[in-house]
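Colleague: Pasting a structure below so you can have a look.
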Amino acid sequence: LAEMGIESSSPVDRMNGLSGLVRLSGKLLVFMRYAAFHPVSAARIMWLIARTEQESAREAIRSLANTFFTVAVLEYGKERVLILDQGSLQAAFTVLYAAGKAPAEGLYDILPVPDILVEVSADDRIVTERLGKRRGAGSRMESNPSASLERAKKVLSSVRETPLYARAGRTMLIDANNDPETADAAASKIAKRIAEGLIHENGY
């Protein structure tokens, strides 16, 4: 994108590069800033997630942190293109993963609708291997990758049935494996699609 003269940022990448405690503190700061300037919206998000009856306090905090971060980062981003490795659909996934009750549609109205939705797929073996390497990273899926993967696949199916997914802009499907050349080709394809979208949007 930079080679095309398009400014972009990936705030999730910056956040993930921090240690666990610093990353959590960063998300808390984002929450406090958003809540200070948008108290009504912040209260609504907390109420909507509380109604899903998350299976534990830890899961509730995780869902709140991801949802607030996703909503707030879009508002504070200055670049024309904002790349979210974990965007609105990931926030919805996080809430649904531990929900005792289905979220009210209001939650999907709050989450920003992506202009381009990129879905990355890989076979179960590769995904399980990658989850296994994340031990100690605080992932909810690290204790039993195989069982967690099956649960995640069911939750992902539920995400695809949400109004948020239906409202998403153009969808791109990318097959992932361990081949760096394939990853580079996929990145180029996504960058080209973003550039085409900006040209169409600006009318030139």
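Note on naming: chains are A, B, ... as they come in the structure tokens, residues start from 1 per chain, ligands start from 1 in the order shown.
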Within 10 Å of range 92-100 of chain A, counting only C-alpha atoms, which residues show up once you throw out same-chain ones fewer than 6 positions away? Write them as a PDB file with C-alpha atoms, in the first residue's frame, please.
Modeller:
ATOM      1  CA  ILE A  49     -22.513  -7.634  26.433  1.00  0.00           C
ATOM      2  CA  ALA A  50     -23.774  -8.161  29.997  1.00  0.00           C
ATOM      3  CA  ARG A  51     -27.042  -9.443  28.523  1.00  0.00           C
ATOM      4  CA  THR A  52     -25.163 -12.216  26.688  1.00  0.00           C
ATOM      5  CA  GLU A  53     -24.307 -13.774  30.072  1.00  0.00           C
ATOM      6  CA  GLN A  54     -20.651 -14.567  29.376  1.00  0.00           C
ATOM      7  CA  GLU A  55     -19.515 -17.822  30.974  1.00  0.00           C
ATOM      8  CA  SER A  56     -17.015 -16.122  33.282  1.00  0.00           C
ATOM      9  CA  GLU A  59     -14.593 -13.839  29.253  1.00  0.00           C
ATOM     10  CA  ALA A  60     -16.793 -10.804  29.889  1.00  0.00           C
ATOM     11  CA  ARG A  62     -12.210 -10.084  27.112  1.00  0.00           C
ATOM     12  CA  SER A  63     -15.403  -9.393  25.151  1.00  0.00           C
ATOM     13  CA  LEU A  64     -15.633  -5.839  26.476  1.00  0.00           C
ATOM     14  CA  ALA A  65     -11.979  -5.104  25.722  1.00  0.00           C
ATOM     15  CA  ASN A  66     -12.165  -6.384  22.130  1.00  0.00           C
ATOM     16  CA  THR A  67     -15.459  -4.635  21.401  1.00  0.00           C
ATOM     17  CA  GLN A  86      -9.016  -8.517  14.499  1.00  0.00           C
ATOM     18  CA  LEU A 107     -24.491  -5.057  19.325  1.00  0.00           C
ATOM     19  CA  TYR A 108     -24.072  -5.562  15.581  1.00  0.00           C
ATOM     20  CA  LEU A 111     -19.662  -2.509  15.571  1.00  0.00           C
ATOM     21  CA  ARG A 140      -8.577 -19.096  25.387  1.00  0.00           C
ATOM     22  CA  ARG A 151     -15.904 -24.987  18.992  1.00  0.00           C
ATOM     23  CA  ALA A 152     -14.467 -22.014  17.123  1.00  0.00           C
ATOM     24  CA  LYS A 154     -19.239 -23.580  15.137  1.00  0.00           C
ATOM     25  CA  VAL A 155     -19.002 -20.038  16.475  1.00  0.00           C
ATOM     26  CA  LEU A 156     -17.646 -18.832  13.127  1.00  0.00           C
ATOM     27  CA  SER A 157     -20.721 -20.285  11.438  1.00  0.00           C
ATOM     28  CA  SER A 158     -22.852 -18.232  13.825  1.00  0.00           C
ATOM     29  CA  VAL A 159     -20.852 -15.093  12.992  1.00  0.00           C
ATOM     30  CA  ARG A 160     -21.597 -15.613   9.306  1.00  0.00           C
ATOM     31  CA  THR A 162     -25.142 -12.144  11.897  1.00  0.00           C
ATOM     32  CA  LEU A 164     -22.941  -7.492  10.628  1.00  0.00           C
ATOM     33  CA  TYR A 165     -21.603 -10.136   8.254  1.00  0.00           C
TER      34      TYR A 165
END
Colleague: Can you tell me, as a list in words, which residues in chain A count as strand (DSSP E or B) by DSSP?
Modeller: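 Those in chain A that DSSP calls strand (DSSP E or B) are Ser8, Ser9, Gln54, Val81, Leu82, Ala99, Ile116, Leu117, Val118, Glu119, Val120, Ser121, Arg170, Thr171, Met172, Leu173, Ile174 and Asp175 of chain A.
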Colleague: Please identify all polymer residues within 12 Å of Ala186 in chain A, counting only C-alpha atoms, omitting same-chain residues fewer than 2 positions from it, and present them as a list in words.
Modeller: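 The contact residues come out as Val118, Glu119, Val120, Ser121, Met172, Leu173, Ile174, Asp175, Ala176, Asn177, Asp179, Pro180, Glu181, Thr182, Ala183, Asp184, Ser188, Lys189, Ile190, Ala191, Lys192 and Arg193 of chain A.
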Colleague: Report, in Å with one decimal, the straight-line distance from CA of Pro114 in chain A to CA of Gly169 in chain A.
Modeller: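 Going from CA of Pro114 in chain A over to CA of Gly169 in chain A, I get 6.1 Å.
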Colleague: Based on the backbone DSSP call, show me all residues of range 92-189 of chain A assigned helix (DSSP H, G or I), as a PyMOL selection string.
Modeller: chain A and resi 92-97+105-110+124-132+145-159+163-167+180-189
Colleague: Using only C-alpha atoms, which residues sit within 8 Å of Val30 in chain A once same-chain residues fewer than 4 positions away are excluded, as a list in words?
Modeller: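 Everything that qualifies: Gly26, Tyr34, Phe68, Phe69, Ala72 and Val73 of chain A.
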